[in-house]
Amino acid sequence: MHAHLAATTSREDFRQLAAEHRVVPVTRKVLADSETPLSAYRKLAANRPGTFLLESAEHGRSWSRWSFIGAGAPSALTVRDGEAIWLGVVPQDAPTGGDPLRALRATLELLATGPLAGLPPLSGGMVGFFAYDLVRRLERLPELAVDDLGLPDMLLLLATDVAAVDHHEGTITLIANAVNWNGTDERVDEAYDDAVARLDVMTAALGQPLSSTVATFDRPEPRYRAQRSVEEYGKIVDYLVEQIAAGEAFQVVPSQRFEMDTAVDPIDVYRMLRVTNPSPYMYLLHVPNDAGGTDFSIVGSSPEALVTVADGVATTHPIAGTRWRGDTDEEDQLLEKELLADEKERAEHLMLVDLGRNDLGRVCAPGTVRVEDYSHIERYSHVMHLVSTVTGLLGEGRTALDAVTACFPAGTLSGAPKVRAMELIEEVEKTRRGLYGGVVGYLDFAGNADFAIAIRTALMRAGTAYVQSGGGVVADSNGPYEYTEATNKARAVLSAIAAAETLTEPGPAAMAEASARRLNSPWLIRIAQATLVVAAGALWVASRLPWVVIRSFDGLGPPKEVTLSGGAWSTALLPLAMLLLAAAVAAIAVRGWPLRALAGLLALASLAVGYLGVSLWVLPDVAVRGAELAHVSVMSLVGSERRYWGAGVTVAAAACALIAAVLLMRSASDSGSARSSAIKYTTPATRRSIARRDDASGAMLEGRQTPEMSERMIWDALDEGRDPTDAPSESDTEGR
């Protein structure tokens, strides 16, 4: 149950506000300290079109104070056939048709409330995305690329019902915005009652129990289709390097698209991204029918803002220059000094800072644009960046939308000079970018804005996920490296999709099996090691035991008797024993596919050992072979006797080795599943090696296991700035 703390909007207050504004927020604060943003989202939004979840992990580490859930949007402003169009209920006097940006500007003016005290940072507004191709309404660009996805250039939900989760207080502020749809002063009390009724519905939804979302998952290799081969992408890079050498641009950011067939729930992809790659901008949007097409979802974890506007101040944060985190604070400090001293990185950063100043200078009052905290280091979970802050006071008559369009699209996703770089991008990219390089965020009713650059983002529609990525090409770039960089950036999201596909919410039997697996998997290797030691010892004993007794008489003296031990009968016994001991030691260090390879080798070795033991029973010419080994003439042979104890011990050793192989193979499979089914973070001691693996695989998903941790515990740890794997129970930018 959720305790009501306050109903902060009275009927009288509502009447006064309704006399001045077309939109009036009615709020209610509830105590919800046992809720997480995901559980609240499941209860309030339930994956319906027109809903969203927005969160932020500051510097990719601790979660910020607020998470925002869009529980209802009766309308959406989008684009169809180049014209603005409304989906759902259309506010009276809201423009339809014509330029979508003009329609958006007029709508924001129509529904503006101005700043209202006591509200969360986002209490309602236009929430959605601008596609990269919206830039064609701002700049004259050639139209060469094919629009194969048919994504609208813009789609913004008119978000009226919002839940703001306050992690500091443990409360949720429910907001039901009453919209004056017909533009008259009639039915004010009826509008208030309707808003209160929507608050009651949201409150009741939060009070409903939620089934467990504890799940196990694997980490399979993502299966995707790349738009271009490494050779094709390399030709693009070579062409752009030629253009840069000819003075056409300083930097160009080409990209390519990756596609992946999937039926996974977008919220599960968000869950994976939220924990494996917490970023300053985390978003999940379920978007209604676009341009007559199908519903689709947007899932992303972007590290970079395009621009934010709060109380008339526009802010952008140019990011350029990257180093992987060190293993220790001392290494971090050395890497910071190295990054700060890198002339190339600093020059690129300065270029982007100048670009940010110029963009804001177009809409800010003269003399108010300033650079703050120039070229300082910000540390993220896996990397560190050079970051600056550029701010400016919006000029008279300028709005948050002006600031967004002035900075759009980001220089880190286009290049410099921006317009010429976009012209070159149009030449080399055969399909329109769509969402990639655009922005995701909001323009609220109070005149503020916050938009993230749409990178590390998946567009999910009709059984296909589309992920696009790229990298900045400069004078000394080479094709294979740029192809690998673009692929690695995309794989972070593609791997999250692949992992989300394996999420399984087990029933009681499966939970018991999973519990047993978590308990037994670490012991499987130990049992296998002990079994291998026993097998090696058994082989040593077998090599000492008598296997064959040879009797001979040469006619010159008394009969002779020669006993052959196992080591004499087969010189392979002791080497095989040493091999088993070596395997026991190797099992300490190897995991994953090397452990599977070791298990396979042991299986072959067990067959060899078993053959040696069984051969004593099945070989028909034991006497002849024994005479040869005993250096006795076959002509003098009188007889032979088989001693089966040694052979029996050898067969037992073979069985032990085979059991160990099976245990190691099972452990290799289980450990992969257990590592995936647990949420993983890296410790300072492992970040460097994981980052290096990421260069090759693009997936930062490995670290310490925390199978017993709940989502609540992970949340609490992040909120306190701690590594969640220490609890008891990031991201590069596209242009670099």
# chains A, B, ... in the order shown; residues from 1 in each chain; ligands from 1

$ residues_around --residues "range 249-254 of chain A" --least-positions-apart "3" --cutoff "8 Å" --atoms "only C-alpha atoms" --output "number ranges by chain"
A: 237, 240, 243-244, 412-417, 420-422, 424-425, 428-429, 470-475, 734-735

$ residues_around --residues "range 89-93 of chain A" --least-positions-apart "3" --cutoff "10 Å" --atoms "only C-alpha atoms" --output "number ranges by chain"
A: 22, 73-77, 85-86, 96, 106-107, 110-111, 158, 179-184

$ write_last_selection --atoms "N, CA and C atoms" --output "JSON list (two decimals), in the first residue's frame"
[["chain", "number", "residue", "atom", "x", "y", "z"],
["A", 22, "ARG", "N", -4.04, 27.02, -20.23],
["A", 22, "ARG", "CA", -4.76, 25.93, -20.88],
["A", 22, "ARG", "C", -4.41, 24.57, -20.26],
["A", 73, "ALA", "N", -0.76, 9.49, -22.58],
["A", 73, "ALA", "CA", -0.63, 10.59, -23.53],
["A", 73, "ALA", "C", -1.80, 10.51, -24.50],
["A", 74, "PRO", "N", -2.79, 11.39, -24.37],
["A", 74, "PRO", "CA", -3.96, 11.31, -25.25],
["A", 74, "PRO", "C", -3.67, 11.74, -26.68],
["A", 75, "SER", "N", -2.52, 12.40, -26.92],
["A", 75, "SER", "CA", -2.22, 12.93, -28.24],
["A", 75, "SER", "C", -0.74, 12.77, -28.54],
["A", 76, "ALA", "N", -0.42, 12.88, -29.82],
["A", 76, "ALA", "CA", 0.97, 12.91, -30.26],
["A", 76, "ALA", "C", 1.05, 13.76, -31.51],
["A", 77, "LEU", "N", 2.07, 14.60, -31.58],
["A", 77, "LEU", "CA", 2.32, 15.43, -32.76],
["A", 77, "LEU", "C", 3.44, 14.78, -33.56],
["A", 85, "ILE", "N", 0.93, 16.48, -38.20],
["A", 85, "ILE", "CA", -0.35, 15.80, -38.00],
["A", 85, "ILE", "C", -0.46, 15.36, -36.55],
["A", 86, "TRP", "N", -1.66, 15.43, -36.02],
["A", 86, "TRP", "CA", -1.92, 14.99, -34.65],
["A", 86, "TRP", "C", -2.51, 13.58, -34.68],
["A", 96, "THR", "N", -2.51, 22.15, -37.35],
["A", 96, "THR", "CA", -2.30, 20.89, -38.07],
["A", 96, "THR", "C", -1.87, 21.24, -39.49],
["A", 106, "ALA", "N", 4.00, 26.49, -32.04],
["A", 106, "ALA", "CA", 2.69, 27.06, -31.72],
["A", 106, "ALA", "C", 2.00, 26.27, -30.61],
["A", 107, "THR", "N", 2.16, 24.96, -30.60],
["A", 107, "THR", "CA", 1.55, 24.13, -29.56],
["A", 107, "THR", "C", 2.15, 24.44, -28.20],
["A", 110, "LEU", "N", 0.76, 27.61, -26.98],
["A", 110, "LEU", "CA", -0.65, 27.46, -26.62],
["A", 110, "LEU", "C", -0.82, 26.81, -25.25],
["A", 111, "LEU", "N", 0.03, 25.82, -24.94],
["A", 111, "LEU", "CA", -0.12, 25.03, -23.72],
["A", 111, "LEU", "C", 0.84, 25.44, -22.61],
["A", 158, "LEU", "N", 2.05, 14.17, -26.22],
["A", 158, "LEU", "CA", 1.52, 15.16, -25.30],
["A", 158, "LEU", "C", 1.29, 14.45, -23.97],
["A", 179, "VAL", "N", -6.06, 19.38, -19.33],
["A", 179, "VAL", "CA", -5.89, 20.17, -20.55],
["A", 179, "VAL", "C", -7.24, 20.75, -20.95],
["A", 180, "ASN", "N", -7.26, 22.05, -21.18],
["A", 180, "ASN", "CA", -8.46, 22.71, -21.69],
["A", 180, "ASN", "C", -8.51, 22.47, -23.20],
["A", 181, "TRP", "N", -9.14, 21.38, -23.57],
["A", 181, "TRP", "CA", -9.11, 20.97, -24.98],
["A", 181, "TRP", "C", -9.85, 21.93, -25.89],
["A", 182, "ASN", "N", -10.96, 22.54, -25.40],
["A", 182, "ASN", "CA", -11.77, 23.37, -26.30],
["A", 182, "ASN", "C", -11.49, 24.86, -26.17],
["A", 183, "GLY", "N", -10.57, 25.25, -25.28],
["A", 183, "GLY", "CA", -10.18, 26.66, -25.19],
["A", 183, "GLY", "C", -11.22, 27.56, -24.57],
["A", 184, "THR", "N", -12.20, 27.01, -23.85],
["A", 184, "THR", "CA", -13.22, 27.84, -23.20],
["A", 184, "THR", "C", -13.06, 27.74, -21.69]]

$ residues_around --residues "range 229-236 of chain A" --least-positions-apart "6" --cutoff "9 Å" --atoms "only C-alpha atoms" --output "count of residues only"
12

$ closest_residue --among "A:Thr276, A:Ser469, A:Ser565, A:Ser10" --to "Gln227 in chain A" --atoms "only C-alpha atoms"
A:Ser469

$ closest_atom_pairs --of "range 299-361 of chain A" --to "range 129-139 of chain A" --cutoff "12 Å" --atoms "only C-alpha atoms" --output "JSON lines"
{"residue": "A:Val299", "atom": "CA", "partner": "A:Phe129", "partner_atom": "CA", "distance": 11.8}
{"residue": "A:Gly300", "atom": "CA", "partner": "A:Phe129", "partner_atom": "CA", "distance": 12.0}
{"residue": "A:Leu306", "atom": "CA", "partner": "A:Phe130", "partner_atom": "CA", "distance": 11.5}

$ atom_distance --atom1 "CA of Gly610 in chain A" --atom2 "CA of Val534 in chain A"
15.1 Å

$ closest_residue --among "A:Met384, A:Leu602, A:Ile69, A:Ala538" --to "Ala652 in chain A" --atoms "only C-alpha atoms"
A:Ala538

$ closest_residue --among "A:Val390, A:Leu581, A:Ala490, A:Ala530" --to "Tyr436 in chain A" --atoms "only C-alpha atoms"
A:Ala490

$ atom_distance --atom1 "CA of Ala528 in chain A" --atom2 "CA of Ala661 in chain A"
7.4 Å

$ atom_distance --atom1 "CA of Glu423 in chain A" --atom2 "CA of Met351 in chain A"
19.0 Å

$ select_by_dssp --residues "range 368-419 of chain A" --states "helix (DSSP H, G or I)" --output "list of chain:residue names"
A:Ala400, A:Leu401, A:Asp402, A:Ala403, A:Val404, A:Thr405, A:Ala406, A:Cys407, A:Gly411, A:Thr412, A:Leu413, A:Lys418, A:Val419

$ select_by_dssp --residues "range 299-368 of chain A" --states "strand (DSSP E)" --output "list in words"
Val299, Gly300, Ser301, Ser302, Ala305, Leu306, Val307, Thr308, Val309, Ala310, Val313, Ala314, Thr315, Thr316, Ile319, Ala320, Gly321, Thr322, Arg323 and Trp324 of chain A

$ closest_residue --among "A:Arg219, A:Arg271, A:His385, A:Arg370" --to "Gly321 in chain A" --atoms "only C-alpha atoms"
A:His385
